[in-house]
Structure formats: structure tokens, C-alpha cells
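Structure first, commentary second.
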Amino acid sequence: MTIPPLPDTAVVLGARVDDWRAAVREAGRALTRSGATRAEYADRMIAVIEEFGAYVVIAPGLALAHARPGPDVRREGLAVVTLAEAVPFGHPHNDPVEVVVGLAVSNADEHVASVAKLANAFNDTGIVARIAAASSAAAVRSILGLDEEAGAGS
């Protein structure tokens, strides 16, 4: 399993949001723009956090928003949203969040593998700050070590 591509259409830099729900919606819109999901997927990502809490905040300043595979997932997808101002998600140690990564997968095996692989990409403690400061989608891909060819375009 590899990390899904990150097209330019799935990167939002400096989003202005009022709360965590709006931040997750931005990630959902980015996934939809890239063709990975339908619009309803954002609602499911929010429902997961409402039900299970802020476990998606996997590192200081970083949320990995996702939901289980469903009919609103067209294909595997990845989105990155940086926030103009960090917002709390309710995590006791890793709030506030300044980078939201949205993930969509089409089957359960890939769901677990993709979440684990993405979490490992963030083992570098400085990576969230570098992504938050990125000035382009290409810079975000470079920081994440994603193949430029796979991520370019939409």
C-alpha cells in the first residue's frame, strides 16, 4: 500500500475556519475536488470525530481526518489543508491543530494500511510546522516525500 497521490486540487493553504468541523469540511471539499470522494464524505469524517473523539489528532498540530470506506468514496485520495489560525479539536495533548490531512480509501484493508503509513510519515517532529509553512502544493508533496509525478495535476 502506498500513500494516495496528492494533486494540486487537494491542497488548501492558509484556510480560514471557525472550528474543527469547518477544518474537516475543507479537507472533505479538497477530496471531492480531486475526484476521490463525493461531498457526503466530509459529513462522515465529522461524524467519526463526534462519535469517537479527537483521536484523529495524531501529533501536535496535526489531524488525520478519515472515515471508513463507503459508497461516497470513489477512489483512494489524500488532501492537505493548512489553517491560517490553529483550531482546537478537543485532544488533551496535541491541540490546537494547524494541519488537517484528509484520507479516503475504498476498502477496509487499505484503510488500516493507509492510516498507519501516513502516521509514520509524521514521525519527524518538525514536519507539521514545515507543512503549515508551505507555500505551494509542490512544497507539501516534497515535505511528505510524495512522488511529484503522481501528485501533479488533478
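How things are named: the first chain in the C-alpha cells is A, the next is B, and so on; residues count from 1 in each chain; ligands count from 1 in the order shown.
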
- [ ] Extract, using only C-alpha atoms, all DNA, RNA and protein residues at most 9 Å from Asn107 in chain A, discarding same-chain residues fewer than 6 positions from it, and format them as a ChimeraX atom specification.
- [x] /A:68-70,76

Residues of the last selection are to be written out with N, CA and C atoms, as a short mmCIF file (atom, residue, chain, number, x, y, z; two decimals), in the first residue's frame.
data_model
loop_
_atom_site.label_atom_id
_atom_site.label_comp_id
_atom_site.auth_asym_id
_atom_site.auth_seq_id
_atom_site.Cartn_x
_atom_site.Cartn_y
_atom_site.Cartn_z
N ARG A 68 -14.45 5.34 7.43
CA ARG A 68 -14.34 4.00 6.82
C ARG A 68 -14.78 4.05 5.36
N PRO A 69 -14.37 3.06 4.59
CA PRO A 69 -14.81 3.01 3.19
C PRO A 69 -16.33 3.01 3.09
N GLY A 70 -16.84 3.62 2.05
CA GLY A 70 -18.29 3.67 1.85
C GLY A 70 -18.59 4.08 0.43
N GLU A 76 -9.10 5.97 -3.79
CA GLU A 76 -8.22 6.42 -2.72
C GLU A 76 -7.88 7.88 -2.95
#

Open item on the list: List as a list in words the protein and nucleic acid residues near Ser136 in chain A, meaning an atom at most 9 Å away when only C-alpha atoms are counted, but skip any in the same chain fewer than 6 places from it.
Closed with: Asp8, Val11, Val12 and Leu13 of chain A

Would you write out those residues with C-alpha atoms, as a PDB file, in the first residue's frame?
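Ended up saving to result.pdb:
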ATOM      1  CA  ASP A   8      -2.874  20.329  -6.517  1.00  0.00           C
ATOM      2  CA  VAL A  11      -4.175  21.074  -1.243  1.00  0.00           C
ATOM      3  CA  VAL A  12      -5.583  24.130   0.541  1.00  0.00           C
ATOM      4  CA  LEU A  13      -3.091  26.544   2.084  1.00  0.00           C
TER       5      LEU A  13
END

TODO: For Val87 in chain A, list every protein, DNA or RNA residue within 7 Å, evaluated using only C-alpha atoms, and leave out those in the same chain fewer than 5 positions away; present the list as number ranges by chain.
DONE: A: 19-20, 96-98

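Across the structure, CA of Ala138 in chain A and CA of Leu118 in chain A are spaced 17.7 Å apart.
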
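One distance worth recording is that between CA of Gly77 in chain A and CA of Glu51 in chain A, which is 22.8 Å.
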